[in-house]
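Dropping upload-v2.cif in here (mmCIF, C-alpha atoms and all ligand atoms):
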```
data_start
#
loop_
_atom_site.label_atom_id
_atom_site.label_comp_id
_atom_site.auth_asym_id
_atom_site.auth_seq_id
_atom_site.Cartn_x
_atom_site.Cartn_y
_atom_site.Cartn_z
CA MET A 1 13.75 111.61 62.10
CA THR A 2 14.44 113.39 58.86
CA ALA A 3 15.95 112.88 55.43
CA GLU A 4 18.41 115.28 53.89
CA VAL A 5 17.49 116.05 50.32
CA GLN A 6 18.82 112.96 48.58
CA ARG A 7 20.99 112.96 45.48
CA PRO A 8 21.89 116.65 45.06
CA LEU A 9 21.94 117.68 41.41
CA ALA A 10 25.75 117.91 41.46
CA ALA A 11 25.95 114.21 42.42
CA LEU A 12 23.58 113.30 39.60
CA GLU A 13 25.62 115.35 37.12
CA GLU A 14 28.81 113.68 38.29
CA ARG A 15 27.30 110.25 37.67
CA THR A 16 26.10 111.31 34.22
CA GLN A 17 29.64 112.41 33.39
CA ARG A 18 31.04 109.01 34.47
CA VAL A 19 28.79 106.99 32.15
CA ARG A 20 30.25 106.37 28.70
CA PHE A 21 27.39 107.22 26.39
CA ALA A 22 27.53 105.97 22.83
CA HIS A 23 25.93 109.15 21.49
CA PRO A 24 25.78 112.81 22.65
CA ALA A 25 21.96 112.70 22.48
CA GLU A 26 22.02 110.05 25.20
CA ALA A 27 24.12 112.25 27.50
CA GLU A 28 21.68 115.08 26.85
CA PHE A 29 18.70 112.86 27.71
CA ALA A 30 20.42 111.68 30.93
CA ALA A 31 20.99 115.32 31.93
CA PHE A 32 17.32 116.04 31.19
CA LEU A 33 16.24 113.14 33.44
CA ASP A 34 18.65 114.26 36.17
CA PHE A 35 17.22 117.76 36.11
CA PHE A 36 13.74 116.41 36.79
CA ARG A 37 15.20 113.86 39.25
CA ILE A 38 13.87 110.88 37.33
CA ALA A 39 15.93 107.76 38.08
CA TRP A 40 17.55 106.04 35.07
CA GLU A 41 19.85 103.19 34.09
CA TYR A 42 21.86 103.22 30.88
CA GLU A 43 21.59 100.13 28.67
CA PRO A 44 21.03 97.78 31.63
CA HIS A 45 19.47 94.94 29.67
CA SER A 46 19.70 93.22 26.28
CA PHE A 47 16.72 91.39 24.84
CA PRO A 48 17.45 88.51 22.40
CA LEU A 49 15.32 89.03 19.27
CA ARG A 50 16.40 86.23 16.94
CA TRP A 51 18.04 82.84 17.33
CA GLN A 52 19.76 80.43 14.97
CA ASP A 53 20.82 76.92 15.99
CA GLY A 54 20.20 77.87 19.60
CA ARG A 55 22.47 80.94 19.35
CA VAL A 56 21.31 84.53 19.67
CA VAL A 57 21.96 86.26 16.33
CA GLU A 58 20.12 89.50 16.98
CA GLN A 59 19.46 91.38 20.17
CA PHE A 60 18.18 94.78 21.22
CA THR A 61 19.58 96.90 24.02
CA PRO A 62 17.29 99.88 24.70
CA ASP A 63 19.21 103.02 25.61
CA PHE A 64 17.59 103.67 28.99
CA TYR A 65 15.50 102.01 31.66
CA LEU A 66 13.47 104.25 34.01
CA PRO A 67 12.82 102.07 37.08
CA GLU A 68 10.29 104.42 38.70
CA GLN A 69 8.13 104.22 35.59
CA ASP A 70 9.14 100.65 34.66
CA LEU A 71 9.79 101.95 31.17
CA TYR A 72 12.51 101.35 28.56
CA VAL A 73 13.37 104.27 26.31
CA GLU A 74 15.04 104.07 22.93
CA LEU A 75 16.10 107.44 21.58
CA THR A 76 15.88 108.16 17.91
CA THR A 77 16.63 110.93 15.47
CA MET A 78 14.40 111.90 12.55
CA LYS A 79 16.71 110.03 10.13
CA GLN A 80 14.33 107.77 8.23
CA SER A 81 16.55 104.69 7.77
CA LEU A 82 17.32 104.65 11.49
CA VAL A 83 13.71 105.17 12.51
CA THR A 84 12.46 102.31 10.35
CA ARG A 85 15.05 99.89 11.76
CA LYS A 86 14.32 100.92 15.32
CA HIS A 87 10.56 100.63 14.81
CA ARG A 88 11.07 97.09 13.58
CA LYS A 89 13.16 96.17 16.64
CA VAL A 90 10.66 97.73 19.03
CA ARG A 91 7.79 95.85 17.34
CA ARG A 92 9.67 92.53 17.58
CA LEU A 93 10.54 93.20 21.21
CA LYS A 94 6.88 93.85 22.03
CA GLU A 95 5.85 90.61 20.31
CA LEU A 96 8.41 88.52 22.20
CA TYR A 97 8.19 90.30 25.55
CA PRO A 98 4.63 91.70 25.82
CA HIS A 99 5.07 92.66 29.49
CA VAL A 100 7.95 95.03 28.66
CA ASN A 101 7.06 98.73 28.35
CA ILE A 102 9.12 100.59 25.80
CA VAL A 103 8.87 103.86 23.89
CA LEU A 104 10.75 105.15 20.91
CA LEU A 105 11.47 108.75 21.71
CA TYR A 106 12.26 111.73 19.50
CA ARG A 107 14.04 114.72 20.99
CA LYS A 108 10.98 116.93 20.44
CA ASP A 109 8.94 114.57 22.60
CA TYR A 110 11.06 114.75 25.76
CA HIS A 111 8.68 117.16 27.45
CA GLU A 112 5.62 115.21 26.38
CA LEU A 113 7.14 112.25 28.21
CA LEU A 114 7.20 114.38 31.35
CA SER A 115 3.45 114.93 31.27
CA ARG A 116 3.01 111.15 31.09
CA PHE A 117 4.96 110.97 34.36
CA GLY A 118 2.64 113.47 36.08
CA TYR A 119 4.83 116.52 35.45
CA GLY A 120 2.21 118.02 33.13
CA SER A 121 1.30 120.96 35.33
CA VAL A 122 4.60 122.64 34.48
CA ASP A 123 2.67 123.70 31.38
CA ILE A 124 -0.59 124.35 33.19
CA THR A 125 1.09 126.75 35.60
CA SER A 126 2.67 128.61 32.66
CA LEU A 127 6.04 127.72 34.05
CA ARG A 128 8.62 126.89 31.43
CA PRO A 129 11.26 124.33 32.43
CA GLU A 130 13.96 126.95 31.82
CA GLN A 131 12.40 129.10 34.57
CA ILE A 132 13.12 126.40 37.13
CA GLU A 133 16.45 126.85 38.88
CA ARG A 134 16.43 123.23 39.98
CA VAL A 135 14.03 120.50 40.95
CA LEU A 136 14.69 119.76 44.60
CA LEU A 137 12.35 116.80 45.09
CA SER A 138 10.66 114.70 42.43
CA PRO A 139 7.11 113.34 42.80
CA THR A 140 8.57 109.88 43.43
CA GLU A 141 10.91 111.12 46.15
CA ILE A 142 8.05 112.97 47.85
CA GLN A 143 5.68 109.99 47.68
CA ARG A 144 8.30 107.59 49.07
CA ARG A 145 9.04 109.85 52.00
CA VAL A 146 5.34 110.51 52.73
CA ALA A 147 4.75 106.74 52.81
CA GLU A 148 7.64 106.34 55.29
CA LEU A 149 6.27 109.12 57.49
CA GLY A 150 2.81 107.51 57.37
CA ARG A 151 4.29 104.15 58.46
CA GLN A 152 6.24 105.74 61.30
CA ILE A 153 3.26 107.73 62.56
CA SER A 154 0.98 104.67 62.35
CA GLU A 155 3.48 102.72 64.48
CA ASP A 156 3.90 105.50 67.02
CA TYR A 157 0.14 105.89 67.45
CA ALA A 158 -0.63 102.15 67.60
CA GLY A 159 -3.89 101.58 69.47
CA GLU A 160 -4.77 105.30 69.38
CA SER A 161 -6.79 107.59 67.19
CA LEU A 162 -5.62 111.09 66.31
CA VAL A 163 -6.61 114.47 64.95
CA LEU A 164 -4.58 115.77 62.03
CA ILE A 165 -4.53 119.55 61.85
CA GLY A 166 -3.38 121.19 58.64
CA VAL A 167 -2.44 124.84 58.25
CA LEU A 168 -4.03 126.16 55.06
CA LYS A 169 -3.33 126.40 52.22
CA GLY A 170 0.15 125.03 51.62
CA ILE A 171 -0.78 121.81 53.37
CA THR A 172 -3.40 120.75 50.79
CA PHE A 173 -1.53 117.95 49.01
CA PHE A 174 0.78 116.84 51.81
CA LEU A 175 -2.09 116.40 54.26
CA ALA A 176 -4.18 114.49 51.73
CA ASP A 177 -1.30 112.11 50.96
CA LEU A 178 -0.12 111.74 54.55
CA ALA A 179 -3.63 111.05 55.89
CA ARG A 180 -4.01 108.19 53.42
CA ALA A 181 -0.62 106.78 54.42
CA ILE A 182 -1.61 106.62 58.11
CA THR A 183 -3.38 103.43 59.14
CA ARG A 184 -4.93 104.75 62.37
CA PRO A 185 -8.44 106.15 62.82
CA LEU A 186 -8.16 109.90 62.37
CA ALA A 187 -10.10 113.12 62.05
CA ILE A 188 -8.93 116.03 59.91
CA ASP A 189 -9.29 119.70 60.67
CA TYR A 190 -7.81 122.93 59.32
CA LEU A 191 -6.52 126.21 60.63
CA GLN A 192 -5.91 129.30 58.57
CA LEU A 193 -3.69 132.12 59.72
CA SER A 194 -3.38 135.75 58.77
CA ARG A 195 -0.01 137.44 58.83
CA ASP A 196 0.20 141.15 59.31
CA LEU A 197 3.42 143.09 59.71
CA ARG A 198 2.02 145.20 62.58
CA GLU A 199 -0.37 142.75 64.24
CA GLY A 200 1.75 139.62 63.73
CA VAL A 201 0.25 136.17 63.26
CA ALA A 202 -3.42 135.57 64.11
CA ILE A 203 -6.02 132.87 63.47
CA ARG A 204 -8.26 133.69 60.52
CA LYS A 205 -10.14 130.40 60.43
CA ASP A 206 -10.26 128.35 63.62
CA LEU A 207 -10.72 124.59 64.09
CA ASP A 208 -14.20 123.07 63.92
CA LEU A 209 -13.27 120.26 66.34
CA ASP A 210 -12.75 120.34 70.09
CA ILE A 211 -9.26 118.87 70.61
CA SER A 212 -9.26 118.57 74.41
CA GLY A 213 -8.17 115.09 75.46
CA LYS A 214 -7.26 114.20 71.84
CA HIS A 215 -3.90 113.20 70.35
CA VAL A 216 -3.14 116.01 67.92
CA LEU A 217 -0.69 115.87 65.04
CA LEU A 218 -0.09 119.31 63.59
CA VAL A 219 0.88 118.99 59.93
CA GLU A 220 2.90 121.82 58.39
CA ASP A 221 4.22 122.30 54.89
CA ILE A 222 7.46 124.05 55.82
CA VAL A 223 9.13 125.30 58.97
CA ASN A 224 11.37 128.25 58.46
CA THR A 225 11.99 130.65 61.39
CA GLY A 226 9.60 128.59 63.51
CA LEU A 227 7.60 131.68 64.49
CA THR A 228 4.38 130.49 62.85
CA LEU A 229 4.64 127.05 64.41
CA ASP A 230 5.47 128.48 67.81
CA PHE A 231 2.33 130.61 67.68
CA ILE A 232 0.12 127.68 66.66
CA LEU A 233 1.53 125.35 69.31
CA ARG A 234 1.03 127.90 72.07
CA THR A 235 -2.57 128.45 70.93
CA LEU A 236 -3.42 124.74 70.66
CA ARG A 237 -1.79 123.73 73.94
CA GLU A 238 -4.21 126.04 75.78
CA ARG A 239 -7.02 123.71 74.58
CA ASN A 240 -5.61 120.78 76.60
CA PRO A 241 -5.04 118.08 73.99
CA ALA A 242 -3.85 114.70 75.36
CA SER A 243 -0.68 115.20 73.30
CA ILE A 244 0.53 117.38 70.47
CA GLU A 245 3.29 116.61 67.97
CA VAL A 246 4.39 118.23 64.72
CA CYS A 247 4.98 116.72 61.30
CA ALA A 248 6.57 119.06 58.73
CA LEU A 249 7.23 118.10 55.14
CA LEU A 250 10.15 120.50 54.80
CA ASP A 251 12.50 121.97 57.34
CA LYS A 252 14.78 124.92 56.63
CA ALA A 253 16.60 124.23 59.88
CA GLU A 254 19.31 126.85 59.32
CA ARG A 255 16.70 129.64 59.33
CA ARG A 256 15.32 128.80 62.79
CA LEU A 257 14.82 131.74 65.17
CA VAL A 258 12.76 130.01 67.85
CA PRO A 259 13.21 126.36 68.84
CA VAL A 260 10.16 124.28 67.94
CA PRO A 261 9.71 120.54 68.58
CA VAL A 262 9.25 118.97 65.15
CA LYS A 263 9.02 115.21 65.69
CA TYR A 264 8.53 114.15 62.07
CA VAL A 265 10.41 115.90 59.26
CA GLY A 266 10.08 114.91 55.61
CA PHE A 267 13.20 116.62 54.29
CA THR A 268 15.72 119.07 55.63
CA ILE A 269 16.32 121.54 52.80
CA PRO A 270 18.71 124.42 52.17
CA ASN A 271 17.69 128.04 52.69
CA GLU A 272 16.02 128.69 49.34
CA PHE A 273 12.51 129.76 48.45
CA VAL A 274 10.67 126.71 47.13
CA VAL A 275 7.33 126.15 45.42
CA GLY A 276 5.23 123.19 44.33
CA TYR A 277 3.33 120.33 45.98
CA GLY A 278 1.13 122.88 47.77
CA LEU A 279 3.71 125.63 48.31
CA ASP A 280 3.07 128.85 46.47
CA TYR A 281 4.55 132.11 45.32
CA ARG A 282 1.64 134.60 45.34
CA GLU A 283 -0.84 131.70 45.07
CA LEU A 284 0.83 130.27 41.97
CA TYR A 285 2.68 126.98 41.43
CA ARG A 286 0.90 125.01 44.16
CA ASN A 287 -0.10 122.37 41.62
CA LEU A 288 3.43 121.52 40.52
CA PRO A 289 3.87 117.82 41.33
CA PHE A 290 7.48 118.38 42.42
CA ILE A 291 9.17 120.89 44.72
CA CYS A 292 11.54 123.28 43.01
CA VAL A 293 13.53 126.48 43.35
CA LEU A 294 12.47 129.09 40.78
CA LYS A 295 14.89 131.28 38.86
CA ARG A 296 15.09 134.86 40.10
CA GLU A 297 13.58 136.25 36.89
CA VAL A 298 10.27 134.57 37.72
CA TYR A 299 10.03 136.83 40.76
CA GLU A 300 11.55 139.94 39.30
CA ALA A 301 9.73 142.81 37.61
CA ASN A 302 9.43 142.31 33.89
CA GLY A 303 7.70 145.57 33.05
CA HIS A 304 4.28 143.91 33.03
CA GLY A 305 3.28 144.75 36.56
CA GLN A 306 4.91 141.82 38.31
CA HIS A 307 6.42 142.33 41.72
CA VAL A 308 10.01 142.16 42.85
CA VAL A 309 11.03 139.87 45.65
CA THR A 310 14.36 140.65 47.26
CA GLY A 311 15.73 138.00 49.56
CA ARG A 312 12.26 137.39 50.89
CA GLN A 313 11.76 134.06 52.58
CA GLU A 314 8.07 134.11 53.30
CA SER A 315 5.09 133.37 51.20
CA PRO A 316 2.90 136.47 51.10
P1 LIG B 1 8.09 130.52 59.54
O1 LIG B 1 7.09 131.17 60.46
O2 LIG B 1 9.24 131.44 59.24
O3 LIG B 1 8.58 129.19 60.07
O4 LIG B 1 7.40 130.32 58.14
C1 LIG B 1 6.53 129.33 57.85
C2 LIG B 1 5.59 129.70 56.71
O5 LIG B 1 6.22 130.54 55.74
C3 LIG B 1 5.18 128.45 55.97
O6 LIG B 1 4.02 127.88 56.53
C4 LIG B 1 4.97 128.95 54.56
O7 LIG B 1 3.65 129.43 54.41
C5 LIG B 1 5.91 130.12 54.43
N1 LIG B 1 7.19 129.73 53.74
C6 LIG B 1 8.42 129.69 54.29
N2 LIG B 1 9.34 129.33 53.40
C7 LIG B 1 8.68 129.11 52.24
C8 LIG B 1 9.11 128.70 50.93
O8 LIG B 1 10.29 128.43 50.63
N3 LIG B 1 8.13 128.59 49.98
C9 LIG B 1 6.81 128.85 50.24
N4 LIG B 1 6.38 129.25 51.45
C10 LIG B 1 7.31 129.38 52.45
#
```

As structure tokens, how would this structure be written, given the file I've shared?
Ligand code: IMP
Amino acid sequence: MTAEVQRPLAALEERTQRVRFAHPAEAEFAAFLDFFRIAWEYEPHSFPLRWQDGRVVEQFTPDFYLPEQDLYVELTTMKQSLVTRKHRKVRRLKELYPHVNIVLLYRKDYHELLSRFGYGSVDITSLRPEQIERVLLSPTEIQRRVAELGRQISEDYAGESLVLIGVLKGITFFLADLARAITRPLAIDYLQLSRDLREGVAIRKDLDLDISGKHVLLVEDIVNTGLTLDFILRTLRERNPASIEVCALLDKAERRLVPVPVKYVGFTIPNEFVVGYGLDYRELYRNLPFICVLKREVYEANGHGQHVVTGRQESP
């Protein structure tokens, strides 16, 4: 069971081109939302603001509705006459419909809106949005899929308890979220590996728990060639668990060199180096709330002692 990465950016862009926006700023905002994979609807709802003799004589149609945030957005320019009128409408709307969330948004505040949606660590990681090639999976898409995986695993292990084993450090966030989405009794343990070009893969930090006779679910951030997973499975099988299955958040299936049995896959992704939601490039970017492909220049030497990565597919 897997999910291809939903809604590729091209499909989002195509949709944005189909919508007839009243103003170029709206098209620009839609493209901005698409880039960060935030779902939107254009002018989906009109709110009556004033009535006369039972007829609506004034209404307000906010430019956008963001269903994932349950938020209406009205764009505005700095033009004073426009701002005043819009402020009045927003105030009236809030009086009449207090449950409705709405913001009046200036262009300069687009990125501030992102931090409200949990995208704030783009700044914390010193990553500028223009250094991101594309956002592959938004926080909402990740959380939805993790919840589905948790449901599926809980069903499959009905009546059983299990041991979740995470491979440090990329697994940090996925394991924490997945464990809370599983409604079976479970223990958590961690493995850490060392990778050496000459010596190959070895265990740097072993499990604390004895897994013999236990149902083990090995949780991986990403399966690429499958070599790492193959090594771990061979090692753990020698300890005689009752069963052992694998759950990987991401699968770069086209890069596989050795066949590995991955029962639960979050997303099958293309062969690109990704960071975020636990995945790093030289220990950076793990705390991005989304998963993205970085632009080449982020990896390339800039004359300030940074390293060059050429076609490399493995985290150092
Ligand atoms: P494999 O042995 O080739 O399957 O590689 C698996 C390991 O490589 C993962 O556990 C990650 O640590 C690392 N890795 C592979 N692809 C990526 C990526 O796109 N971003 C970050 N780390 C990656």

Could you pull the residues within 6 Å of Leu164 of chain A, counting only C-alpha atoms, minus those fewer than 6 positions along the same chain, as a PDB file with C-alpha atoms, in the coordinates of the input?
```pdb
ATOM      1  CA  ILE A 188      -8.930 116.030  59.910  1.00  0.00           C
ATOM      2  CA  LEU A 217      -0.690 115.870  65.040  1.00  0.00           C
ATOM      3  CA  LEU A 218      -0.090 119.310  63.590  1.00  0.00           C
TER       4      LEU A 218
END
```

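With atom CA of Glu74 of chain A on one side and atom CA of Leu105 of chain A on the other, the separation reads 6.0 Å.
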
Six-sided padding of 5 Å per side, axis-aligned box over ligand LIG 1 (chain B), centre and edges in Å, one decimal, as lines of an AutoDock Vina configuration file:
```
center_x = 7.0
center_y = 129.7
center_z = 55.2
size_x = 16.6
size_y = 13.6
size_z = 20.5
```

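Of note, atom CA of Pro289 of chain A and atom CA of Glu26 of chain A are spaced 25.5 Å apart.
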
Name each residue within 6 Å of ligand LIG 1 (chain B), counting only C-alpha atoms and all ligand atoms, as a count of residues only.
17

Can you list, as number ranges by chain, every protein, DNA or RNA residue that comes within 10 Å of Arg50 of chain A when you count all atoms listed in the file, leaving out same-chain residues fewer than 2 positions away?
A: 47-48, 52, 54-60, 92, 96

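Interatomic distance, atom CA of Gly276 of chain A to atom CA of Gly170 of chain A: 9.1 Å.
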
Compare A:Tyr190, A:Phe21, A:Phe290, A:Phe267 by their minimum atom-to-atom distance to Leu149 of chain A, counting only C-alpha atoms, and give me the closest one.
A:Phe267

Residues at most 9 Å from His45 of chain A, counting all atoms listed in the file, excluding those fewer than 3 positions away in the same chain, as a PyMOL selection string?
chain A and resi 42+60-62+64-65

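Shortest separation to Lys263 of chain A among A:Lys214, A:Leu186, A:Asp53, A:Ile153 occurs at residue A:Ile153, atoms counted being only C-alpha atoms.
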
Can you tell me, as a PyMOL selection string, what residues are no more than 12 Å from Ile291 of chain A when counting only C-alpha atoms, ignoring any on the same chain fewer than 2 positions away?
chain A and resi 5+36-37+119+122+132-143+173-174+221-222+249-250+267+269+272-280+285-289+293-294

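The residue that comes closest to Tyr106 of chain A, out of A:Lys79, A:Arg296, A:Arg128, A:Arg15 and on the basis of only C-alpha atoms, is A:Lys79.
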
I'd like the contact shell of Ala187 of chain A - 12 Å cut-off, all atoms listed in the file, skipping same-chain residues fewer than 4 positions apart - returned as a ChimeraX atom specification.
/A:160-166,175-176,179-180,182,207-211,214-218

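When all atoms listed in the file are used to measure the gap to Asp156 of chain A, the shortest distance among A:Glu245, A:Glu14, A:Asp189, A:Glu112 belongs to A:Glu245.
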
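Of the residues under consideration (A:Leu127, A:Ile244, A:Leu191, A:Val146), A:Leu127 shows the shortest atom-to-atom contact distance to Tyr299 of chain A when counting only C-alpha atoms.
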
Top pick for closest residue to Glu155 of chain A, considering A:Asp177, A:Gln131, A:Thr183, A:Leu236 and counting only C-alpha atoms
A:Thr183

Pull the neighbourhood of (6.8, 116.1, 59.5) for me: all residues within 6 Å in file coordinates, counting only C-alpha atoms, as a PyMOL selection string.
chain A and resi 247-249+264-266
